[in-house]
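Engineer: Take this structure, written in structure tokens, and hold onto it; I'll ask about it next.
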Amino acid sequence: MTERKRVVVGVAGGIAAYKACTVVRQLAEAGHSVRVVPTESALRFVGAATFEALSGQPVRTGVFEDVDQVPHVRIGQEADLVVVAPATADLLARAVSGRADDLLTATLLTARCPVVFAPAMHTEMWFHPATVQNVETLRRRGNVVLEPASGRLTGSDSGAGRLPEPEEITTLAQLLLDRPDALPFDLSGVKVLVTAGGTREPLDPVRFIGNRSSGKQGYAVARVAAQRGADVTLIAGNTAGLADPAGVNVVHIGSAHQLQDAVSKHAPDAHVLVMAAAVADFRPTHVATSKIKKSHDPNAASAPSIELTRTEDVLAGTVRARADGQLPNMRAIVGFAAETGDANGDVLFHARAKLQRKGCDLLVVNAVGEGKAFEVDNNDGWLLAADGNDVALEHGSKTLMSSRIVDAIAAFLGSRAE
Ligand code: CTP
């Protein structure tokens with residue numbers, strides 16, 4: 001159970017206001033005390049009764065209601081986190097100019113906790129120089145302005161400006177409650193290539209050999225890096241139905257070979273490679289072009305055997321390509337290792353050997369087995385650096401762990417830049 005915190009959900013007047021209901025519900029279900037502060041126009045999209053029922057707290061828009069409780073100062077002062085979802089172009093402009101003509105803007109002026117804006121607007125508005133400048137100003141002042149998602153907008157048009165999925169907003173809100181300084185905007189201009197999820201090696205048109213990777217860790221690294229300003233490409237294998245992270249260029253692949261092709265294509269541009277994918281080490285040597293049928297003769301010989309061939313090690317291949325001078329932009333290569341201890345040594349013993357064998361700069365190590373690491377939301381582990389510097393990654397959500405991993409990458413890039 002997470003610690004109960006006071007969260008203010010500000011809602012501005014855009015069609016995506018209906019998605020704020022899910023954000024409120026998820027934060028309340030996580031055990032937090034949630035106070036919804038909509039603007040007058042937000043209430044033209046969603047009624048106050050809906051927000052009151054979901055949050056269990058009164059909903060007001062103006063500064064002249066409940067005056068005896070001084071809400072225009074108190075709500076902001078007492079908050080552990082303010083999340084504005086959706087944040088319209090108008091709301092961002094009002095926040096920048098320090099207006100205090102309704103309860104939400106007054107709350108933004110009095111809040112001393114982390115403030116997150118989740119923008120939603122039409123693409124033209126998002127890219128308008130006024131909005132671009134407002135976003136820059138808010139970020140410079142220490143606010144977190146999330147990258148909007150791309151896709152279908154109101155009506156038939158599509159582009160950047162969609163509200164990130166409620167799940168994503170809640171996840172990042174929880175990250176900031178756990179670690180208020182988790183999302184500095186410090187990776188602008190850094191190109192990060194992340195692989196995530198499991199590969200599937202086809203046997204025939206309907207069958208494959210796969211693995212249990214959920215993709216959650218790699219998606220979380222991509223999400224955190226993008227929200228810290230990096231230009232992120234995510235090469236996504238099979239996942240547990242994860243939605244594409246907002247502001248990330250997602251390339252979906254199936255097999256280890258396709259993953260390797262995608263990495264070869266995008267690596268020359270990248271400054272950082274994070275290999276979180278669970279890449280198959282073997283693939284069936286022969287892929288049947290039609291479905292492999294079982295024999296219906298009960299006396300027939302035994303089941304077919306599957307011959308396997310080693311796949312290329314993409315991580316080791318990228319390390320080699322960099323050493324050969326083929327990847328002059330690549331400044332940090334991060335590998336992942338899932339280890340159990342055995343008679344020869346413990347988890348860290350095997351991990352150090354793997355770091356050396358693979359030749360990457362950083363290695364994220366997860367202890368696996370007994371319900372750890374695969375398909376679960378919480379995790380812990382270690383981060384080993386090639387220079388011998390090891391740190392333990394405290395137990396927490398995969399998003400919290402990812403924020404530590406991205407910290408290590410940022411520190412590594414910083415130490416290299418000097
Ligand atoms: N990896 C890769 N290409 C492969 C297999 C793995 O790039 N064909 C990468 C993974 O993305 C991960 C790291 O290598 O970053 C994991 O190394 P690996 O040796 O596969 O670890 P394990 O699966 O733990 O295998 P083993 O313990 O058998 O060495």
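Here, A, B, ... name the chains of the structure tokens in the order displayed, residue numbers run from 1 inside each chain, and ligands are numbered from 1 in the same displayed order.
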Using only C-alpha atoms and all ligand atoms, find each protein or nucleic acid residue lying at most 10 Å from ligand 1; present the set as a PyMOL selection string.

Structural biologist: chain A and resi 194-199+218+256-257+259-260+263+273-283+310-319+333-340+350-351+353-355+357-358+360+362-366+368

Engineer: Write out as a PyMOL selection string all residues of stretch 130-309 of chain A that DSSP puts in strand (DSSP E or B) for this structure's backbone.

Structural biologist: chain A and resi 144-145+149-152+158-162+191-196+198+201-204+207-209+231-236+238+249-252+272-275+278+282-284+308-309

Engineer: So what do you get for atom CA of A:Pro205 versus atom CA of A:Asn249, distance-wise?

Structural biologist: 28.4 Å

Engineer: Do you know which residues are at most 7 Å from A:Ile253 counting only C-alpha atoms, after dropping those on the same chain fewer than 5 positions away, and could you put them as a list in words?

Structural biologist: Ile235, Ala236, Gly237, Gln258 and Leu259 of chain A

Engineer: When you count only C-alpha atoms, which of these residues is closest to A:Thr154: A:Thr110, A:Pro58, A:Gly14, A:Lys216?

Structural biologist: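 Going through A:Thr110, A:Pro58, A:Gly14, A:Lys216 one by one, the smallest distance to A:Thr154 is for A:Gly14.
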
Engineer: For a test of reading the model, state the distance in Å between atom CA of A:Ala42 and atom CA of A:Val84, rounded to one decimal.

Structural biologist: 11.5 Å

Engineer: As a compact mmCIF listing (two decimals) with N, CA, C and O atoms, in the first residue's frame, please: all residues of stretch 314-365 of chain A that backbone DSSP puts in alpha helix (DSSP H).

Structural biologist:
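Printed below is selection02.txt as written:
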# COMPACT_ATOMS: atom_id res chain seq x y z
N VAL A 314 22.55 -8.85 -29.91
CA VAL A 314 22.42 -7.47 -30.41
C VAL A 314 23.26 -6.51 -29.55
O VAL A 314 23.94 -5.63 -30.07
N LEU A 315 23.20 -6.72 -28.25
CA LEU A 315 23.95 -5.85 -27.33
C LEU A 315 25.45 -5.94 -27.60
O LEU A 315 26.12 -4.93 -27.82
N ALA A 316 25.95 -7.18 -27.62
CA ALA A 316 27.39 -7.36 -27.85
C ALA A 316 27.78 -6.85 -29.24
O ALA A 316 28.84 -6.24 -29.42
N GLY A 317 26.88 -7.04 -30.22
CA GLY A 317 27.15 -6.57 -31.59
C GLY A 317 27.26 -5.05 -31.63
O GLY A 317 28.11 -4.49 -32.34
N THR A 318 26.40 -4.36 -30.86
CA THR A 318 26.44 -2.89 -30.84
C THR A 318 27.72 -2.41 -30.16
O THR A 318 28.34 -1.44 -30.60
N VAL A 319 28.10 -3.10 -29.08
CA VAL A 319 29.35 -2.74 -28.40
C VAL A 319 30.53 -2.88 -29.38
O VAL A 319 31.39 -2.00 -29.48
N ARG A 320 30.52 -3.98 -30.15
CA ARG A 320 31.61 -4.20 -31.13
C ARG A 320 31.60 -3.11 -32.21
O ARG A 320 32.64 -2.56 -32.56
N ALA A 321 30.38 -2.79 -32.71
CA ALA A 321 30.29 -1.78 -33.77
C ALA A 321 30.83 -0.44 -33.28
O ALA A 321 31.51 0.28 -34.02
N ARG A 322 30.54 -0.11 -32.02
CA ARG A 322 31.07 1.16 -31.49
C ARG A 322 32.60 1.10 -31.40
O ARG A 322 33.28 2.06 -31.77
N ALA A 323 33.11 -0.04 -30.92
CA ALA A 323 34.57 -0.17 -30.79
C ALA A 323 35.25 -0.07 -32.15
O ALA A 323 36.36 0.45 -32.27
N VAL A 347 24.10 -13.69 -7.37
CA VAL A 347 23.58 -12.88 -8.47
C VAL A 347 24.62 -11.87 -8.95
O VAL A 347 24.88 -11.73 -10.15
N LEU A 348 25.27 -11.17 -7.99
CA LEU A 348 26.22 -10.13 -8.38
C LEU A 348 27.48 -10.70 -9.03
O LEU A 348 28.04 -10.09 -9.94
N PHE A 349 27.87 -11.89 -8.59
CA PHE A 349 29.04 -12.54 -9.20
C PHE A 349 28.78 -12.76 -10.70
O PHE A 349 29.59 -12.41 -11.56
N HIS A 350 27.61 -13.33 -10.99
CA HIS A 350 27.28 -13.61 -12.40
C HIS A 350 27.10 -12.32 -13.19
O HIS A 350 27.45 -12.24 -14.37
N ALA A 351 26.53 -11.29 -12.52
CA ALA A 351 26.27 -10.03 -13.20
C ALA A 351 27.58 -9.34 -13.59
O ALA A 351 27.72 -8.82 -14.70
N ARG A 352 28.55 -9.36 -12.66
CA ARG A 352 29.84 -8.71 -12.98
C ARG A 352 30.51 -9.41 -14.16
O ARG A 352 31.08 -8.77 -15.04
N ALA A 353 30.40 -10.74 -14.16
CA ALA A 353 30.99 -11.50 -15.27
C ALA A 353 30.29 -11.13 -16.58
O ALA A 353 30.93 -10.96 -17.62
N LYS A 354 28.96 -10.95 -16.51
CA LYS A 354 28.21 -10.62 -17.73
C LYS A 354 28.57 -9.23 -18.22
O LYS A 354 28.73 -9.01 -19.42
N LEU A 355 28.72 -8.28 -17.31
CA LEU A 355 29.10 -6.90 -17.69
C LEU A 355 30.41 -6.94 -18.47
O LEU A 355 30.56 -6.28 -19.50
N GLN A 356 31.35 -7.73 -17.97
CA GLN A 356 32.64 -7.81 -18.64
C GLN A 356 32.53 -8.49 -20.00
O GLN A 356 33.08 -8.01 -20.99
N ARG A 357 31.73 -9.56 -20.03
CA ARG A 357 31.57 -10.32 -21.27
C ARG A 357 30.91 -9.47 -22.34
O ARG A 357 31.31 -9.48 -23.49
N LYS A 358 29.87 -8.72 -21.95
CA LYS A 358 29.11 -7.94 -22.94
C LYS A 358 29.83 -6.65 -23.32
O LYS A 358 29.59 -6.11 -24.39

Engineer: Find the residues around A:Ile405 up to 8 Å (only C-alpha atoms counted), leave out those fewer than 4 positions away in its own chain, and share them as a list in words.

Structural biologist: Val221, Val364, Leu383, Met401 and Ile409 of chain A

Engineer: Write out, as a CSV table (one decimal), in the first residue's frame, the residues just selected, with C-alpha atoms.

Structural biologist:
chain,number,residue,atom,x,y,z
A,221,VAL,CA,12.7,3.8,-19.1
A,364,VAL,CA,21.0,-3.3,-14.8
A,383,LEU,CA,23.2,-1.0,-11.4
A,401,MET,CA,13.6,2.1,-10.8
A,409,ILE,CA,22.6,7.4,-17.7
